[in-house]
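Down below is the structure, laid out as structure tokens.
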Amino acid sequence: MAAYYDDGDLPRFAEMGADAPALWEKFNAWYGAVFQAGALSEREKSLIALAVAHAVQCPYCIDAYTQDCLEKGSNLEQMTEAAHVAAAIKGGAALVHGLQMRKIAAKISM
Amino acid sequence: MIVELSLLASQHPLALPEQQLQILGNGKCGVKPFDEVLYEAGMDPLAATGVGVLQINVGKLCNQTCKHCHVDAGPDRTAENMSRETFELCLSAVRRIGRPIIDLTGGAPELNPHFRWFVEQVRELGCHVIDRCNLTVLLLAPQRGLAEFLAKHGVEVIASLPYFLAQRTDAQRGDGTFEKSLAALRKLNGLGYGQPGSGLALNLVYNPTGAFLPPDQAALEADFRRELRTRYGVEFSSLYTLTNMPISRYLDFLIRSGNFRRYMRKLAGAFNPVAAEGVMCRTTLSVGWDGTLYDCDFNQMLEIGVSKEVPRHIRDFREVELSTRRVVTGQHCYGCTAGAGSSCGGATA
């Protein structure tokens with residue numbers, strides 16, 4: 001394998017349905033429904049997806065949702081802010097665990 | 001502002017239509033032949049249903065050199081400008097059609113020396129007239145009074161504004177274009193354009209500023225209306241979202257940026273039979289600066305004339321034959337049938 005991540009794999013995503021078609025169909029139907037406009041607009045959902053893509057550090061999702069955000073009319077200011085939201089939550093999540101560290105340190109210290 | 005050269009002036013190979021067609025040619029851009037997809041959708045042959053719109057490309061001269069321009073227009077394109085004689089032939093055809101919509105495009109159509117005379121003539125015949133305006137032309141000193149002229153004659157203005165922020169607009173249309181476009185929009189608003197009840201329609205055109213498809217038209221129109229109003233105090237009537245066609249300077253961008261095959265796959269993958277049903281070539285006849293007839297402005301730039309079975313020059317205009325002509329298609333047609341579709345009047349599906 002030349003690389004773990006290959007952008008040519010993204011259009012092949014549907015191959016995941018090859019040996020589990022019923023599950024793939026369920027996933028597809030649910031995925032499609034999730035991204036339809038509801039209480040949130042399609043554009044807002046796409047920005048959330050972009051932020052999550054950064055948080056889970058999925059290059060396929062970042063590629064797909066960068067395109068999708070632009071195609072939903074978002075701009076780079078909004079998309080960069082979305083990446084910052086992801087980073088802030090990731091950073092905050094790391095930092096808030098510091099309380100565990102502090103509690104444990106306190107417990108085992110004199 | 002740095003004035004860029006057109007592909008033609010810079011002797012770029014993509015200035016030649018045959019070079020573009022070779023790159024787009026069936027099987028070479030990684031997608032199925034367009035005609036095959038049309039056939040599978042039960043829509044082959046694609047036929048016109050009338051000549052409700054006469055779209056006249058009056059020349060390739062423009063004061064801008066936008067990076068996505070399918071015409072390869074620019075300040076250096078001085079050779080291709082419709083003559084008074086060809087305009088007269090257009091007028092003769094207009095009289096025979098009976099009040100078609102006259103859609104004037106270019107280049108910057110206003111830079112043709114016969115533009116105002118022709119507008120007066122077709123308005124006298126009772127035609128609705130559309131001016132596809134780049135906005136900045138309204139600020140040029142030699143064009144003084146142009147906005148007032150358009151308002152006086154009730155001309156619908158369809159103006160290019162790819163985004164409501166300067167960065168994306170200027171990236172496509174040249175540094176400083178956004179600020180000038182705002183000044184022109186305010187001038188038009190001051191004359192009543194885009195204001196409810198004025199009867200003066202000011203419609204904006206969004207083109208993606210990169211290798212991606214346009215957003216949903218209604219959703220983006222709401223964004224444009226909110227942002228243009230609150231940030232700049234600008235009003236408009238409607239927003240049309242257009243897909244960039246993979247030809248000319250946009251094709252050059254796609255190839256240079258390594259996005260060509262991916263973009264073609266995206267267009268083809270988004271083929272929508274409903275959008276194909278509503279393509280503008282079925283109700284529009286396109287006239288070139290020299291009077292040659294085409295199915296659309298894109299075919300015109302690729303020098304793909306109307307079918308050989310029908311009149312091919314405006315001097316031979318015969319409505320009956322042209323109204324039911326078979327439309328000539330190619331791989332670039334995926335641009336008009338992707339997603340919500342694309343036409344000079346925006347989304348079609």
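Labels for the structure tokens follow display order: chains A, B, ..., residues from 1 in each chain, ligands from 1.
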
Check your understanding: A:Asp68: which residues within 10 Å, counting only C-alpha atoms, same-chain residues fewer than 2 positions away excluded, as an NGL selection string?
Key -> (:A and (42-43 or 46-47 or 49-50 or 61-66 or 70-74)) or (:B and (212-215))

Residues of chain B within 12 Å of chain A, only C-alpha atoms counted, as a short mmCIF file (atom, residue, chain, number, x, y, z; two decimals) with all heavy atoms, in the first residue's frame:
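Written output follows (iface_26.cif):
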data_model
loop_
_atom_site.label_atom_id
_atom_site.label_comp_id
_atom_site.auth_asym_id
_atom_site.auth_seq_id
_atom_site.Cartn_x
_atom_site.Cartn_y
_atom_site.Cartn_z
N PRO B 162 -20.04 37.68 -8.12
CA PRO B 162 -19.89 36.30 -7.66
C PRO B 162 -19.99 36.10 -6.15
O PRO B 162 -20.24 34.99 -5.70
CB PRO B 162 -18.50 35.91 -8.16
CG PRO B 162 -17.79 37.19 -8.41
CD PRO B 162 -18.84 38.19 -8.78
N TYR B 163 -19.84 37.17 -5.38
CA TYR B 163 -19.99 36.97 -3.94
C TYR B 163 -20.18 38.33 -3.27
O TYR B 163 -19.91 39.37 -3.87
CB TYR B 163 -18.78 36.24 -3.34
CG TYR B 163 -19.15 35.47 -2.08
CD1 TYR B 163 -20.07 34.44 -2.13
CD2 TYR B 163 -18.60 35.82 -0.85
CE1 TYR B 163 -20.44 33.74 -0.98
CE2 TYR B 163 -18.96 35.12 0.30
CZ TYR B 163 -19.88 34.09 0.23
OH TYR B 163 -20.24 33.41 1.37
N PHE B 164 -20.65 38.30 -2.03
CA PHE B 164 -20.90 39.55 -1.31
C PHE B 164 -19.69 40.00 -0.49
O PHE B 164 -19.81 40.88 0.35
CB PHE B 164 -22.15 39.44 -0.43
CG PHE B 164 -22.20 38.22 0.45
CD1 PHE B 164 -21.44 38.13 1.60
CD2 PHE B 164 -23.03 37.16 0.11
CE1 PHE B 164 -21.49 37.01 2.41
CE2 PHE B 164 -23.10 36.02 0.92
CZ PHE B 164 -22.32 35.94 2.07
N LEU B 165 -18.55 39.37 -0.73
CA LEU B 165 -17.31 39.80 -0.09
C LEU B 165 -16.27 40.13 -1.16
O LEU B 165 -16.26 39.52 -2.23
CB LEU B 165 -16.77 38.70 0.82
CG LEU B 165 -17.64 38.30 2.02
CD1 LEU B 165 -17.04 37.10 2.75
CD2 LEU B 165 -17.82 39.47 2.99
N ALA B 166 -15.38 41.06 -0.82
CA ALA B 166 -14.40 41.54 -1.81
C ALA B 166 -13.43 40.44 -2.24
O ALA B 166 -13.12 40.32 -3.43
CB ALA B 166 -13.64 42.74 -1.24
N GLN B 167 -12.96 39.65 -1.26
CA GLN B 167 -11.86 38.72 -1.58
C GLN B 167 -12.23 37.78 -2.71
O GLN B 167 -11.49 37.62 -3.68
CB GLN B 167 -11.47 37.96 -0.31
CG GLN B 167 -10.19 37.15 -0.43
CD GLN B 167 -10.43 35.75 -1.00
OE1 GLN B 167 -11.49 35.19 -0.83
NE2 GLN B 167 -9.43 35.22 -1.70
N ARG B 168 -13.42 37.15 -2.60
CA ARG B 168 -13.80 36.17 -3.61
C ARG B 168 -14.16 36.82 -4.93
O ARG B 168 -13.91 36.27 -5.99
CB ARG B 168 -14.94 35.29 -3.08
CG ARG B 168 -14.39 34.12 -2.29
CD ARG B 168 -15.45 33.37 -1.55
NE ARG B 168 -16.34 32.62 -2.42
CZ ARG B 168 -17.25 31.77 -1.95
NH1 ARG B 168 -17.36 31.55 -0.66
NH2 ARG B 168 -18.04 31.11 -2.77
N THR B 169 -14.78 38.00 -4.85
CA THR B 169 -15.14 38.70 -6.09
C THR B 169 -13.89 39.14 -6.83
O THR B 169 -13.75 38.92 -8.04
CB THR B 169 -16.03 39.93 -5.75
OG1 THR B 169 -17.19 39.47 -5.09
CG2 THR B 169 -16.41 40.69 -7.01
N TYR B 206 -24.46 34.89 -9.67
CA TYR B 206 -23.41 34.26 -8.88
C TYR B 206 -22.75 33.17 -9.72
O TYR B 206 -23.42 32.30 -10.27
CB TYR B 206 -24.01 33.63 -7.62
CG TYR B 206 -23.09 32.63 -6.93
CD1 TYR B 206 -22.26 33.02 -5.89
CD2 TYR B 206 -23.04 31.31 -7.35
CE1 TYR B 206 -21.40 32.11 -5.29
CE2 TYR B 206 -22.19 30.39 -6.75
CZ TYR B 206 -21.37 30.81 -5.73
OH TYR B 206 -20.53 29.90 -5.14
N ASN B 207 -21.44 33.21 -9.83
CA ASN B 207 -20.64 32.12 -10.41
C ASN B 207 -19.72 31.61 -9.32
O ASN B 207 -19.10 32.42 -8.64
CB ASN B 207 -19.70 32.63 -11.52
CG ASN B 207 -20.41 32.86 -12.83
OD1 ASN B 207 -20.80 33.99 -13.11
ND2 ASN B 207 -20.57 31.82 -13.61
N PRO B 208 -19.59 30.29 -9.17
CA PRO B 208 -18.63 29.81 -8.17
C PRO B 208 -17.22 30.35 -8.47
O PRO B 208 -16.82 30.42 -9.63
CB PRO B 208 -18.66 28.29 -8.36
CG PRO B 208 -20.01 28.01 -8.93
CD PRO B 208 -20.30 29.19 -9.83
N THR B 209 -16.52 30.71 -7.40
CA THR B 209 -15.17 31.24 -7.57
C THR B 209 -14.15 30.12 -7.40
O THR B 209 -13.18 30.25 -6.65
CB THR B 209 -14.91 32.37 -6.56
OG1 THR B 209 -15.26 31.88 -5.26
CG2 THR B 209 -15.75 33.59 -6.86
N GLY B 210 -14.38 29.03 -8.07
CA GLY B 210 -13.45 27.90 -7.99
C GLY B 210 -14.07 26.69 -8.65
O GLY B 210 -15.08 26.79 -9.36
N ALA B 211 -13.48 25.51 -8.36
CA ALA B 211 -13.91 24.27 -9.02
C ALA B 211 -15.00 23.58 -8.21
O ALA B 211 -14.82 22.46 -7.74
CB ALA B 211 -12.71 23.35 -9.21
N PHE B 212 -16.09 24.26 -8.01
CA PHE B 212 -17.21 23.66 -7.28
C PHE B 212 -18.52 24.18 -7.87
O PHE B 212 -18.53 25.16 -8.61
CB PHE B 212 -17.11 23.94 -5.78
CG PHE B 212 -16.88 25.37 -5.39
CD1 PHE B 212 -17.94 26.22 -5.14
CD2 PHE B 212 -15.59 25.87 -5.28
CE1 PHE B 212 -17.73 27.54 -4.78
CE2 PHE B 212 -15.36 27.21 -4.91
CZ PHE B 212 -16.44 28.03 -4.67
N LEU B 213 -19.61 23.48 -7.51
CA LEU B 213 -20.92 23.82 -8.07
C LEU B 213 -21.56 24.96 -7.27
O LEU B 213 -21.19 25.21 -6.13
CB LEU B 213 -21.83 22.59 -8.05
CG LEU B 213 -21.39 21.40 -8.90
CD1 LEU B 213 -22.40 20.25 -8.79
CD2 LEU B 213 -21.23 21.81 -10.36
N PRO B 214 -22.54 25.63 -7.88
CA PRO B 214 -23.19 26.71 -7.14
C PRO B 214 -24.12 26.18 -6.05
O PRO B 214 -24.62 25.06 -6.15
CB PRO B 214 -24.00 27.44 -8.23
CG PRO B 214 -24.15 26.48 -9.34
CD PRO B 214 -23.01 25.51 -9.25
N PRO B 215 -24.36 27.01 -5.02
CA PRO B 215 -25.29 26.63 -3.95
C PRO B 215 -26.73 26.67 -4.46
O PRO B 215 -27.00 27.11 -5.56
CB PRO B 215 -25.08 27.71 -2.89
CG PRO B 215 -23.88 28.46 -3.28
CD PRO B 215 -23.73 28.30 -4.75
N ASP B 216 -27.63 26.22 -3.61
CA ASP B 216 -29.06 26.34 -3.89
C ASP B 216 -29.40 27.83 -4.10
O ASP B 216 -29.03 28.68 -3.29
CB ASP B 216 -29.85 25.80 -2.68
CG ASP B 216 -31.33 26.05 -2.82
OD1 ASP B 216 -31.96 25.35 -3.61
OD2 ASP B 216 -31.85 26.96 -2.12
N GLN B 217 -30.11 28.10 -5.20
CA GLN B 217 -30.34 29.49 -5.60
C GLN B 217 -31.14 30.29 -4.56
O GLN B 217 -30.77 31.42 -4.22
CB GLN B 217 -31.05 29.50 -6.96
CG GLN B 217 -31.21 30.87 -7.58
CD GLN B 217 -31.61 30.78 -9.05
OE1 GLN B 217 -30.77 30.60 -9.90
NE2 GLN B 217 -32.88 30.92 -9.34
N ALA B 218 -32.21 29.69 -4.07
CA ALA B 218 -33.08 30.42 -3.12
C ALA B 218 -32.33 30.70 -1.81
O ALA B 218 -32.42 31.80 -1.25
CB ALA B 218 -34.34 29.61 -2.83
N ALA B 219 -31.56 29.71 -1.33
CA ALA B 219 -30.83 29.89 -0.07
C ALA B 219 -29.76 30.97 -0.22
O ALA B 219 -29.59 31.83 0.65
CB ALA B 219 -30.19 28.57 0.36
N LEU B 220 -29.05 30.94 -1.36
CA LEU B 220 -27.99 31.93 -1.57
C LEU B 220 -28.58 33.32 -1.80
O LEU B 220 -28.00 34.31 -1.36
CB LEU B 220 -27.10 31.51 -2.75
CG LEU B 220 -25.81 32.31 -2.87
CD1 LEU B 220 -24.87 32.01 -1.70
CD2 LEU B 220 -25.08 32.01 -4.17
N GLU B 221 -29.72 33.38 -2.46
CA GLU B 221 -30.37 34.69 -2.68
C GLU B 221 -30.67 35.33 -1.32
O GLU B 221 -30.47 36.53 -1.15
CB GLU B 221 -31.64 34.53 -3.51
CG GLU B 221 -32.31 35.87 -3.78
CD GLU B 221 -33.60 35.71 -4.58
OE1 GLU B 221 -33.51 35.35 -5.77
OE2 GLU B 221 -34.68 35.96 -4.01
N ALA B 222 -31.15 34.52 -0.38
CA ALA B 222 -31.46 35.05 0.96
C ALA B 222 -30.18 35.57 1.63
O ALA B 222 -30.18 36.64 2.25
CB ALA B 222 -32.12 33.97 1.81
N ASP B 223 -29.07 34.83 1.48
CA ASP B 223 -27.79 35.27 2.05
C ASP B 223 -27.33 36.58 1.39
O ASP B 223 -26.90 37.51 2.07
CB ASP B 223 -26.70 34.20 1.81
CG ASP B 223 -26.89 32.98 2.69
OD1 ASP B 223 -27.72 33.03 3.61
OD2 ASP B 223 -26.20 31.97 2.45
N PHE B 224 -27.39 36.62 0.06
CA PHE B 224 -26.97 37.83 -0.66
C PHE B 224 -27.82 39.03 -0.24
O PHE B 224 -27.29 40.11 0.00
CB PHE B 224 -27.12 37.61 -2.19
CG PHE B 224 -25.83 37.22 -2.88
CD1 PHE B 224 -25.21 36.03 -2.58
CD2 PHE B 224 -25.26 38.04 -3.84
CE1 PHE B 224 -24.03 35.65 -3.22
CE2 PHE B 224 -24.09 37.69 -4.49
CZ PHE B 224 -23.47 36.49 -4.18
N THR B 241 -28.03 31.69 -9.89
CA THR B 241 -26.79 30.94 -9.71
C THR B 241 -26.45 30.23 -11.03
O THR B 241 -27.28 29.54 -11.61
CB THR B 241 -26.95 29.88 -8.59
OG1 THR B 241 -28.09 29.06 -8.87
CG2 THR B 241 -27.14 30.54 -7.25
N LEU B 242 -25.22 30.43 -11.46
CA LEU B 242 -24.76 29.83 -12.72
C LEU B 242 -23.58 28.90 -12.45
O LEU B 242 -22.71 29.21 -11.62
CB LEU B 242 -24.31 30.92 -13.71
CG LEU B 242 -25.35 31.43 -14.70
CD1 LEU B 242 -26.49 32.14 -13.96
CD2 LEU B 242 -24.71 32.40 -15.69
N THR B 243 -23.56 27.81 -13.17
CA THR B 243 -22.42 26.89 -13.09
C THR B 243 -21.37 27.34 -14.10
O THR B 243 -21.71 27.76 -15.21
CB THR B 243 -22.89 25.46 -13.44
OG1 THR B 243 -23.94 25.10 -12.55
CG2 THR B 243 -21.75 24.46 -13.32
N ARG B 261 -10.34 16.85 -14.29
CA ARG B 261 -11.06 15.57 -14.32
C ARG B 261 -12.05 15.47 -13.15
O ARG B 261 -13.16 14.99 -13.32
CB ARG B 261 -10.07 14.39 -14.29
CG ARG B 261 -9.32 14.24 -15.62
CD ARG B 261 -8.29 13.15 -15.55
NE ARG B 261 -8.87 11.83 -15.55
CZ ARG B 261 -9.18 11.14 -16.65
NH1 ARG B 261 -8.98 11.66 -17.83
NH2 ARG B 261 -9.69 9.94 -16.57
N ARG B 262 -11.65 15.95 -12.01
CA ARG B 262 -12.54 15.91 -10.85
C ARG B 262 -13.79 16.76 -11.09
O ARG B 262 -14.91 16.36 -10.76
CB ARG B 262 -11.78 16.40 -9.62
CG ARG B 262 -12.58 16.38 -8.34
CD ARG B 262 -11.68 16.69 -7.16
NE ARG B 262 -12.47 16.85 -5.95
CZ ARG B 262 -12.02 16.62 -4.73
NH1 ARG B 262 -10.79 16.22 -4.57
NH2 ARG B 262 -12.77 16.80 -3.69
N TYR B 263 -13.60 17.93 -11.67
CA TYR B 263 -14.74 18.82 -11.95
C TYR B 263 -15.68 18.18 -12.96
O TYR B 263 -16.90 18.21 -12.81
CB TYR B 263 -14.24 20.17 -12.46
CG TYR B 263 -15.34 21.21 -12.61
CD1 TYR B 263 -15.95 21.79 -11.50
CD2 TYR B 263 -15.78 21.62 -13.87
CE1 TYR B 263 -16.95 22.75 -11.63
CE2 TYR B 263 -16.77 22.57 -14.02
CZ TYR B 263 -17.35 23.14 -12.89
OH TYR B 263 -18.35 24.09 -13.04
N ARG B 265 -16.06 15.00 -13.53
CA ARG B 265 -16.74 13.89 -12.84
C ARG B 265 -17.88 14.44 -11.97
O ARG B 265 -18.96 13.86 -11.89
CB ARG B 265 -15.77 13.10 -11.97
CG ARG B 265 -14.94 12.05 -12.74
CD ARG B 265 -14.41 10.98 -11.81
NE ARG B 265 -13.63 11.50 -10.71
CZ ARG B 265 -12.31 11.66 -10.73
NH1 ARG B 265 -11.62 11.30 -11.79
NH2 ARG B 265 -11.67 12.16 -9.69
N LYS B 266 -17.61 15.56 -11.34
CA LYS B 266 -18.63 16.16 -10.47
C LYS B 266 -19.84 16.59 -11.31
O LYS B 266 -20.98 16.32 -10.95
CB LYS B 266 -18.02 17.37 -9.74
CG LYS B 266 -18.96 18.05 -8.77
CD LYS B 266 -18.28 19.22 -8.10
CE LYS B 266 -17.58 18.86 -6.83
NZ LYS B 266 -18.50 18.58 -5.71
N GLY B 269 -21.59 13.46 -12.64
CA GLY B 269 -22.23 12.74 -11.54
C GLY B 269 -23.49 13.43 -11.07
O GLY B 269 -24.37 12.80 -10.49
N GLY B 339 -26.87 19.17 -11.20
CA GLY B 339 -27.57 19.63 -9.99
C GLY B 339 -28.88 20.32 -10.31
O GLY B 339 -29.75 19.76 -10.98
N ALA B 340 -28.99 21.57 -9.84
CA ALA B 340 -30.22 22.32 -10.07
C ALA B 340 -30.25 22.94 -11.45
O ALA B 340 -31.15 23.71 -11.77
CB ALA B 340 -30.37 23.40 -9.01
#

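Look at A:His54: the protein and nucleic acid residues within 8 Å of it, using only C-alpha atoms and passing over chain neighbours fewer than 6 places away, are A:Ile62, A:Ala83, A:Ala86, A:Ala87.
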
**Study point:** Which of stretch 93-149 of chain B DSSP labels alpha helix (DSSP H), written as a PyMOL selection string
**Key:** chain B and resi 93-97+115-124+146-149

Check your understanding: Which distance in Å separates atom CA of B:Leu322 and atom CA of B:Ala48, to one decimal?
Key -> 7.7 Å

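Taking only C-alpha atoms, the non-local environment of stretch 332-338 of chain B within 7 Å (same-chain residues fewer than 3 positions away omitted) comprises Phe34, Thr243, Asn244, Met245, Pro246, Leu267, Ala268, Ala270, Phe271, Asn272, Ala275, Ala276, Val279, Thr329, Gly341, Ser342 and Ser343 of chain B.
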
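Taking only C-alpha atoms, the non-local environment of B:Asn203 within 7 Å (same-chain residues fewer than 6 positions away omitted) comprises B:Val157, B:Ile158, B:Ala159, B:Phe236, B:Ser237, B:Ser238, B:Leu239.
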
Go ahead and save the picked residues with N, CA and C atoms, as a CSV table (one decimal), in the first residue's frame.
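Printed below is result12.csv as written:
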chain,number,residue,atom,x,y,z
B,157,VAL,N,-31.3,44.8,-16.1
B,157,VAL,CA,-29.9,44.6,-15.9
B,157,VAL,C,-29.6,43.3,-15.2
B,158,ILE,N,-28.8,42.4,-15.8
B,158,ILE,CA,-28.4,41.2,-15.1
B,158,ILE,C,-26.9,41.4,-14.9
B,159,ALA,N,-26.5,41.5,-13.7
B,159,ALA,CA,-25.1,41.9,-13.4
B,159,ALA,C,-24.4,40.9,-12.6
B,236,PHE,N,-31.4,44.4,-4.6
B,236,PHE,CA,-31.5,43.8,-6.0
B,236,PHE,C,-32.8,43.0,-6.1
B,237,SER,N,-33.1,42.6,-7.3
B,237,SER,CA,-34.4,41.9,-7.5
B,237,SER,C,-34.2,40.4,-7.2
B,238,SER,N,-33.5,39.7,-8.0
B,238,SER,CA,-33.3,38.3,-7.8
B,238,SER,C,-31.8,37.9,-8.0
B,239,LEU,N,-31.5,36.7,-7.5
B,239,LEU,CA,-30.1,36.2,-7.7
B,239,LEU,C,-30.2,35.0,-8.6
